[in-house]
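What follows is a single structure, written as structure tokens, with notes after it.
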Amino acid sequence: MSDINPNCDGGHCRDPKGEVRVYPLGSGGNLILCRACWEHENEFNRYQQNKHFAARELWPTRDWETAKHYPEETQS
Ligand SMILES: [Zn+2]
């Protein structure tokens with residue numbers, strides 16, 4: 001369990017100091033996820049979308065590359 005990232009809301013971390021980004025949920029909330037958990041969340045959501053017809057709004061997949069950093073980068 002030493003790979004858990006303390007800044008990440010997920011449980012599939014591979015790097016305790018890895019970057020985390022904001023994953024917006026379909027319900028209006030957010031998750032703060034590291035890269036490994038991000039991919040896991042996308043996979044889970046893709047699975048849900050396939051299982052529940054027309055459920056893309058509830059289980060949206062997100063693109064890591066275009067996601068907001070967390071905490072948000074400040075201009076300096
Ligand atoms: Zn994580």
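In the structure tokens, the first chain shown is A, the next is B, and so on; residue numbers restart at 1 for each chain, and ligands run from 1 in the order shown.
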
Point to revise | Shell of 7 Å around ligand 1 (only C-alpha atoms and all ligand atoms), written as JSON, numbers by chain | key: {"A": [4, 5, 8, 9, 10, 11, 12, 13, 14, 33, 34, 35, 36, 37]}

Could you take the residues named above and write them with C-alpha atoms, as a CSV table (one decimal), in the first residue's frame?
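Saved the output as out_25.csv:
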chain,number,residue,atom,x,y,z
A,4,ILE,CA,-0.9,5.3,-2.5
A,5,ASN,CA,-0.8,8.9,-3.4
A,8,CYS,CA,-5.4,11.2,-4.9
A,9,ASP,CA,-9.0,10.1,-4.3
A,10,GLY,CA,-8.5,6.7,-5.9
A,11,GLY,CA,-7.1,3.5,-4.7
A,12,HIS,CA,-5.1,2.3,-7.7
A,13,CYS,CA,-2.1,4.6,-7.4
A,14,ARG,CA,1.3,3.5,-8.6
A,33,LEU,CA,-7.0,11.4,-9.4
A,34,CYS,CA,-3.4,10.4,-10.3
A,35,ARG,CA,-2.7,9.0,-13.7
A,36,ALA,CA,-3.2,5.3,-12.8
A,37,CYS,CA,-6.5,5.9,-11.0

Exercise for review: Extract the full set of helix (DSSP H, G or I) residues from chain A according to DSSP on the backbone, and format it as an MDAnalysis selection string.
Suggested key: chainID A and resid 35:51 64:66

Study note, to complete from the structure: atom CA of A:Ala67 to atom CA of A:His52 measures 25.3 Å

Review point. Would you give me, as a VMD selection string, the residues in chain A that DSSP reads as strand (DSSP E)?
Key: chain A and resid 20 to 24 30 to 34 68 to 70

Point to revise | Coordinates-based distance that separates atom CA of A:Tyr23 from atom CA of A:Tyr70 (Å, one decimal) | key: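 It comes out at 9.8 Å.
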
**Study point:** Atom pair atom CA of A:Leu58 / atom CA of A:Ser27: separation (Å)
**Key:**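 It comes out at 6.4 Å.
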
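Nearest-residue note for A:Asn7: choosing from A:Ile32, A:Lys51, A:Arg46, A:Thr61, the minimum distance belongs to A:Ile32, counting only C-alpha atoms.
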
Study note, to complete from the structure: The residue from A:Glu43, A:Ala54, A:Pro60, A:Lys68 with the smallest atom-to-atom distance to A:Gly28, counting only C-alpha atoms, is A:Pro60
